[in-house]
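Some notes on the structure that comes next.
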Amino acid sequence: MIGLPKRTEFNRRIPKQKFYENLTVPPALKRLFIDQVKVIYWRNKIAATTMNLAAGETVTEIEFFEVKLNEQKFDESVLRQIDKEIPYYIVFLLEYEGKYQAWTAYKEASTSGNNAFKVGNYYHTEWMEESELPLKVDGLNVDKVYENFVRQIAGDALQMERQESLKESVERDNKRQELQKQIAVLQKRIRKEKQLNKQVQLNAELKNLGKELENLQ
C-alpha cells in the first residue's frame, strides 16, 4: 500500500474475532468490532530486513494494517484493542467506500519487559484517496521513519517549532489540548458568572492560561 516496496508486503488477513474473543473484552467493545469492522489485513512490514534502512534502537518494525469498515463512523477503542494485542508499532489505514484515513498512536515500550506498549493519544488524517495520504518513508533508520509517520499523520498538531524529540512534541500537544479544555471551561464559567469581582478573577485566570497556551504554539 501507499507505494511501499514489494519486499514489505505481508498481505495476511487477520480474523477480527482474534481481538474480541477474550472473555475480558467488554461486550460493548465486541459489538463495535462486529458493527464497524468488515475485515482486517496486515498489509506491510517496514524493517531493516525489508527495506534499505538501518535498524532502529527502539522501533524494530512498523506494521501497516488496512481496516475495511462497514460504516464511516468509527470508535478509536477498536484500534486501541488491536494495539493492545499486537506488540508492534502500527500504522492503520481505515477504508470506507474507496476513501482512506491514516491513524496511529504514539506508543512507548513498557518498562515491564513483557513486549507490552503504553498507547497514547491517536492522531489521524482526513478522509481522502489512498494516493493523497501524506505518508512517505522518510529517514535513514526505522526509529526515524516511525517518528516521521507519526508527524505526517498528526499534521499541524506535532509539527516541530524547535529541536525536540517526538516524545516532547507529543507531551507539548497533550499540554496544549489540556489548556484548551481548561480555557473552554473557564470561558463558560465567565459567561454564567453574575458577580463582577468574580468575573474579574476568572478573567485573570483566563489570561494566564492564554499566555501558557501561546507559549506552547
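For the C-alpha cells, the naming scheme is as follows: chains receive sequential letters (A, B, ...) according to their order of presentation, residues are indexed from 1 within each chain, and ligands are indexed from 1 in presentation order.
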
Give me every strand (DSSP E) residue in segment 1-82 of chain A, going by DSSP on the backbone, as a PDB file with C-alpha atoms, in the first residue's frame.
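Output contents, as saved in selection.pdb:
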```pdb
ATOM      1  CA  GLU A   9       4.241  -6.820   1.503  1.00  0.00           C
ATOM      2  CA  PHE A  10       2.729  -9.216   4.034  1.00  0.00           C
ATOM      3  CA  ASN A  11      -0.929  -9.320   2.947  1.00  0.00           C
ATOM      4  CA  ARG A  12      -2.324 -11.587   5.627  1.00  0.00           C
ATOM      5  CA  ARG A  13      -5.954 -11.436   6.662  1.00  0.00           C
ATOM      6  CA  ILE A  14      -6.457 -11.326  10.427  1.00  0.00           C
ATOM      7  CA  VAL A  37     -15.239  -3.575  11.140  1.00  0.00           C
ATOM      8  CA  LYS A  38     -15.664  -5.575   7.952  1.00  0.00           C
ATOM      9  CA  VAL A  39     -12.191  -7.120   7.615  1.00  0.00           C
ATOM     10  CA  ILE A  40      -8.600  -6.527   8.776  1.00  0.00           C
ATOM     11  CA  TYR A  41      -5.485  -7.086   6.664  1.00  0.00           C
ATOM     12  CA  TRP A  42      -1.867  -6.984   7.763  1.00  0.00           C
ATOM     13  CA  ARG A  43      -0.577  -5.359   4.569  1.00  0.00           C
ATOM     14  CA  ASN A  44       3.088  -4.366   5.029  1.00  0.00           C
ATOM     15  CA  LYS A  45       6.055  -4.618   7.340  1.00  0.00           C
ATOM     16  CA  ILE A  46       8.788  -1.995   7.352  1.00  0.00           C
ATOM     17  CA  ALA A  47      12.030  -3.182   8.913  1.00  0.00           C
ATOM     18  CA  GLU A  61       9.304  -2.988  12.830  1.00  0.00           C
ATOM     19  CA  ILE A  62       6.444  -0.799  11.603  1.00  0.00           C
ATOM     20  CA  GLU A  63       3.303  -2.665  10.576  1.00  0.00           C
ATOM     21  CA  PHE A  64       0.636  -1.384   8.175  1.00  0.00           C
ATOM     22  CA  PHE A  65      -2.887  -2.625   8.876  1.00  0.00           C
ATOM     23  CA  GLU A  66      -5.759  -1.983   6.487  1.00  0.00           C
ATOM     24  CA  VAL A  67      -9.094  -1.946   8.315  1.00  0.00           C
ATOM     25  CA  LYS A  68     -12.109  -2.044   5.994  1.00  0.00           C
ATOM     26  CA  LEU A  69     -15.160  -0.534   7.653  1.00  0.00           C
TER      27      LEU A  69
END
```

Closest pair table for segment 28-52 of chain A residues within 12 Å of segment 71-79 of chain A, only C-alpha atoms, as a tab-separated table:
```
residue	atom	partner	partner_atom	distance
A:Ala28	CA	A:Ser77	CA	10.3
A:Leu29	CA	A:Val78	CA	7.1
A:Lys30	CA	A:Val78	CA	8.9
A:Arg31	CA	A:Val78	CA	10.0
A:Leu32	CA	A:Val78	CA	7.0
A:Phe33	CA	A:Val78	CA	6.6
A:Ile34	CA	A:Val78	CA	10.3
A:Asp35	CA	A:Glu71	CA	8.3
A:Gln36	CA	A:Glu71	CA	6.0
A:Val37	CA	A:Glu71	CA	8.1
A:Lys38	CA	A:Glu71	CA	9.0
A:Ile40	CA	A:Leu79	CA	11.0
```

Given the selection you just returned, output its residues as a file containing C-alpha atoms, formatted as a CSV table (one decimal), in the first residue's frame.
```
chain,number,residue,atom,x,y,z
A,28,ALA,CA,-19.7,-3.1,24.1
A,29,LEU,CA,-16.3,-3.3,22.6
A,30,LYS,CA,-17.1,-6.7,20.9
A,31,ARG,CA,-20.2,-5.0,19.5
A,32,LEU,CA,-18.0,-2.2,18.0
A,33,PHE,CA,-15.8,-4.8,16.2
A,34,ILE,CA,-18.9,-6.6,14.9
A,35,ASP,CA,-20.8,-3.5,13.7
A,36,GLN,CA,-18.0,-1.3,12.5
A,37,VAL,CA,-15.2,-3.6,11.1
A,38,LYS,CA,-15.7,-5.6,8.0
A,40,ILE,CA,-8.6,-6.5,8.8
```

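Contact shell of Gly3 of chain A at 10 Å (only C-alpha atoms; same-chain neighbours under 5 positions omitted): Glu130, Ser131, Leu135, Lys136 and Val137 of chain A.
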
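The closest residue to Lys175 of chain A, picked from A:Ala109, A:Ile190, A:Leu213, A:Lys6 and counting only C-alpha atoms, is A:Leu213.
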
Neighbouring residues of segment 118-120 of chain A were defined as those with any atom within 10 Å, considering only C-alpha atoms; residues of the same chain fewer than 4 positions away were excluded. Please report them as a compact mmCIF listing (two decimals) with C-alpha atoms, in the first residue's frame.
```txt
# COMPACT_ATOMS: atom_id res chain seq x y z
CA ARG A 80 -6.68 0.64 20.94
CA ASP A 83 -2.68 -2.07 19.55
CA LYS A 84 -3.04 -3.81 22.90
CA TYR A 89 4.31 -0.10 16.12
CA THR A 104 -1.63 5.93 14.53
CA ALA A 105 -0.98 6.33 18.22
CA TYR A 106 2.19 7.45 19.91
CA LYS A 107 3.45 4.27 21.55
CA GLU A 108 6.21 3.67 24.06
CA ALA A 109 7.61 0.31 25.06
CA SER A 110 6.55 -0.74 28.54
CA THR A 111 9.20 -0.88 31.24
CA VAL A 170 3.51 14.67 21.94
CA ASN A 174 -1.11 16.93 25.24
```

_Taking 2 positions as the minimum chain separation for residues in the same chain, which residues sit within 12 Å of Leu206 of chain A when counting only C-alpha atoms? Answer as a PyMOL selection string._
chain A and resi 179-190+199-204+208-213

What does the file look like for those residues with C-alpha atoms, as a compact mmCIF listing (two decimals), in the first residue's frame?
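New file again38.txt:
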```txt
# COMPACT_ATOMS: atom_id res chain seq x y z
CA LEU A 179 -5.04 24.02 28.33
CA GLN A 180 -7.65 24.38 25.58
CA LYS A 181 -10.09 22.32 27.66
CA GLN A 182 -9.40 24.43 30.76
CA ILE A 183 -9.89 27.63 28.75
CA ALA A 184 -13.22 26.40 27.35
CA VAL A 185 -14.47 25.52 30.85
CA LEU A 186 -13.35 28.89 32.23
CA GLN A 187 -15.00 30.81 29.38
CA LYS A 188 -18.25 29.01 30.13
CA ARG A 189 -17.98 29.89 33.83
CA ILE A 190 -17.34 33.56 32.98
CA GLN A 199 -15.69 37.81 36.70
CA VAL A 200 -12.51 39.85 37.13
CA GLN A 201 -10.83 36.98 38.97
CA LEU A 202 -11.86 34.43 36.36
CA ASN A 203 -10.72 36.68 33.52
CA ALA A 204 -7.31 36.99 35.16
CA ASN A 208 -2.80 33.40 32.38
CA LEU A 209 -3.98 30.22 30.66
CA GLY A 210 -3.97 32.04 27.33
CA LYS A 211 -0.34 33.05 27.85
CA GLU A 212 0.59 29.45 28.68
CA LEU A 213 -1.14 28.26 25.52
```

*May I ask which of the residues A:Arg191, A:Lys167, A:Arg7, A:Lys144 is the closest one to Ala55 of chain A, counting only C-alpha atoms?*
A:Lys144

*Looking only at helix (DSSP H, G or I) from DSSP on the backbone, list the matching residues of segment 19-112 of chain A as a PyMOL selection string.*
chain A and resi 19+27-36+77-85

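The spacing separating atom CA of Thr8 of chain A from atom CA of Thr50 of chain A amounts to 5.3 Å.
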
*Could you tell me how far atom CA of Thr24 of chain A lies from atom CA of Val59 of chain A, in Å and to one decimal?*
28.8 Å

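Take the candidates A:Glu21, A:Glu171, A:Asp143, A:Glu193 and check each one against Ala54 of chain A using only C-alpha atoms; the shortest distance goes to A:Asp143.
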
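The interatomic distance for the pair atom CA of Ala154 of chain A and atom CA of Asn52 of chain A works out to 25.3 Å.
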
_Test item: residues at most 7 Å from Trp103 of chain A, only C-alpha atoms, excluding those fewer than 5 positions along its chain, as a list in words_ = Val91, Phe92, Leu93, Tyr122, Tyr123, His124, Thr125 and Ile153 of chain A

*Within 12 Å of Gln159 of chain A, counting only C-alpha atoms, which residues qualify if same-chain residues fewer than 2 places away don't, as JSON, numbers by chain?*
{"A": [147, 148, 149, 150, 151, 152, 153, 154, 155, 156, 157, 161, 162, 163, 164, 165, 166, 168, 169, 170, 172, 173, 216, 217]}
